[in-house]
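Below: coords_35.pdb (PDB, C-alpha atoms)
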```pdb
ATOM      1  CA  MET A   1       0.000   0.000   0.000
ATOM      2  CA  SER A   2       2.846   2.386   0.722
ATOM      3  CA  GLU A   3       4.172   1.896  -2.826
ATOM      4  CA  LYS A   4       1.009   3.476  -4.262
ATOM      5  CA  GLU A   5       1.327   6.536  -2.010
ATOM      6  CA  LYS A   6       4.906   7.345  -3.009
ATOM      7  CA  PRO A   7       4.191   8.753  -6.506
ATOM      8  CA  PHE A   8       1.762  11.316  -5.068
ATOM      9  CA  LYS A   9       3.936  12.283  -2.116
ATOM     10  CA  ASN A  10       5.466  15.341  -3.839
ATOM     11  CA  LEU A  11       2.407  16.308  -5.867
ATOM     12  CA  ARG A  12       1.248  19.087  -3.507
ATOM     13  CA  PRO A  13       4.497  21.117  -3.637
ATOM     14  CA  ILE A  14       4.628  20.773  -7.415
ATOM     15  CA  LEU A  15       1.048  22.011  -7.811
ATOM     16  CA  LEU A  16       1.656  24.916  -5.436
ATOM     17  CA  SER A  17       4.795  25.851  -7.365
ATOM     18  CA  VAL A  18       2.874  25.844 -10.634
ATOM     19  CA  ILE A  19       0.152  28.021  -9.123
ATOM     20  CA  ILE A  20       2.763  30.473  -7.812
ATOM     21  CA  GLU A  21       4.396  30.716 -11.245
ATOM     22  CA  ILE A  22       1.039  31.318 -12.956
ATOM     23  CA  LEU A  23       0.287  34.084 -10.461
ATOM     24  CA  GLN A  24       3.736  35.523 -11.102
ATOM     25  CA  VAL A  25       2.979  35.739 -14.835
ATOM     26  CA  PHE A  26      -0.325  37.490 -14.122
ATOM     27  CA  LEU A  27       1.402  39.907 -11.744
ATOM     28  CA  PHE A  28       3.953  40.765 -14.421
ATOM     29  CA  ALA A  29       1.183  41.298 -16.991
ATOM     30  CA  GLU A  30      -0.702  43.572 -14.607
ATOM     31  CA  LEU A  31       2.425  45.599 -13.952
ATOM     32  CA  LEU A  32       2.887  46.073 -17.696
ATOM     33  CA  ILE A  33      -0.734  47.185 -18.095
ATOM     34  CA  ILE A  34      -0.360  49.627 -15.202
ATOM     35  CA  ALA A  35       2.802  51.017 -16.805
ATOM     36  CA  VAL A  36       0.992  51.566 -20.120
ATOM     37  CA  MET A  37      -1.919  53.212 -18.327
ATOM     38  CA  ALA A  38       0.432  55.467 -16.365
ATOM     39  CA  TYR A  39       2.137  56.466 -19.614
ATOM     40  CA  SER A  40      -1.194  57.336 -21.235
ATOM     41  CA  TRP A  41      -2.154  59.326 -18.144
ATOM     42  CA  LYS A  42       1.093  61.282 -18.306
ATOM     43  CA  LYS A  43       0.637  61.858 -22.044
ATOM     44  CA  ASP A  44      -2.946  63.205 -21.879
ATOM     45  CA  PRO A  45      -4.521  63.422 -18.392
ATOM     46  CA  VAL A  46      -7.793  64.983 -19.585
ATOM     47  CA  LEU A  47      -8.533  62.207 -22.081
ATOM     48  CA  PHE A  48      -7.477  59.640 -19.511
ATOM     49  CA  ILE A  49     -10.077  60.912 -17.022
ATOM     50  CA  GLN A  50     -12.790  61.360 -19.685
ATOM     51  CA  ASN A  51     -12.552  57.689 -20.651
ATOM     52  CA  TYR A  52     -12.970  56.609 -17.001
ATOM     53  CA  THR A  53      -9.614  54.871 -17.235
ATOM     54  CA  ASP A  54      -8.638  56.299 -13.861
ATOM     55  CA  LYS A  55     -11.200  54.063 -12.161
ATOM     56  CA  GLY A  56      -9.862  51.086 -14.100
ATOM     57  CA  LEU A  57      -6.356  51.902 -12.954
ATOM     58  CA  ILE A  58      -7.480  51.999  -9.327
ATOM     59  CA  VAL A  59      -9.277  48.651  -9.685
ATOM     60  CA  LEU A  60      -6.242  47.134 -11.408
ATOM     61  CA  ILE A  61      -3.951  48.261  -8.594
ATOM     62  CA  ILE A  62      -6.320  46.774  -5.994
ATOM     63  CA  VAL A  63      -6.409  43.470  -7.903
ATOM     64  CA  LEU A  64      -2.610  43.549  -8.133
ATOM     65  CA  ILE A  65      -2.286  43.954  -4.367
ATOM     66  CA  LEU A  66      -4.806  41.181  -3.660
ATOM     67  CA  MET A  67      -3.106  38.840  -6.122
ATOM     68  CA  TYR A  68       0.254  39.531  -4.488
ATOM     69  CA  LEU A  69      -1.185  38.701  -1.060
ATOM     70  CA  VAL A  70      -2.662  35.442  -2.366
ATOM     71  CA  LYS A  71       0.693  34.563  -3.911
ATOM     72  CA  GLN A  72       2.440  35.162  -0.594
ATOM     73  CA  ASN A  73      -0.085  32.982   1.260
ATOM     74  CA  ILE A  74       0.391  30.138  -1.215
ATOM     75  CA  TYR A  75       4.148  30.558  -0.918
ATOM     76  CA  LYS A  76       3.817  30.149   2.858
ATOM     77  CA  LEU A  77       1.856  26.929   2.277
ATOM     78  CA  LEU A  78       4.673  25.677   0.098
ATOM     79  CA  LYS A  79       7.226  26.269   2.851
ATOM     80  CA  ASN A  80       5.201  24.164   5.341
TER      81      ASN A  80
END
```

Can you turn what I pasted into structure tokens?
Amino acid sequence: MSEKEKPFKNLRPILLSVIIEILQVFLFAELLIIAVMAYSWKKDPVLFIQNYTDKGLIVLIIVLILMYLVKQNIYKLLKN
């Protein structure tokens, strides 16, 4: 019976590592989007506010912070 359990012994850390890497890719993509939005805001602030992009930028920053916190919590699970 113990022979069947051995292949799945390290499955949890592998899955958590994959989830952390996927979150890392999303974090990087969000940072790029925020950089583009900040550039467009610097280029033309009036048009930026007229298109309600400022609210989108705020929401994107909040999502970025929440995603970072989730990533840190999963990373703590991986260490245990």

For this structure, which residues satisfy the selection - the PyMOL selection byres ((chain A and resi 18-30) around 9) - when it is evaluated on the file as given? I want them as an MDAnalysis selection string. chainID A and resid 13:17 31:35 60:61 63:64 67:68 70:72 74:75

What does the distance from atom CA of A:Leu66 to atom CA of A:Val46 come to in Å, to one decimal?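 Distance between the two atoms: 28.8 Å.
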
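Our summary of the geometry notes that atom CA of A:Ala38 is positioned 13.6 Å from atom CA of A:Val59.
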
Any idea what the distance is between atom CA of A:Lys76 and atom CA of A:Leu57? 28.8 Å

Axis-aligned box for stretch 7-17 of chain A, 3 Å per side, centre and edges in Å as lines of an AutoDock Vina configuration file:
```
center_x = 3.3
center_y = 17.3
center_z = -5.0
size_x = 10.4
size_y = 23.1
size_z = 11.7
```
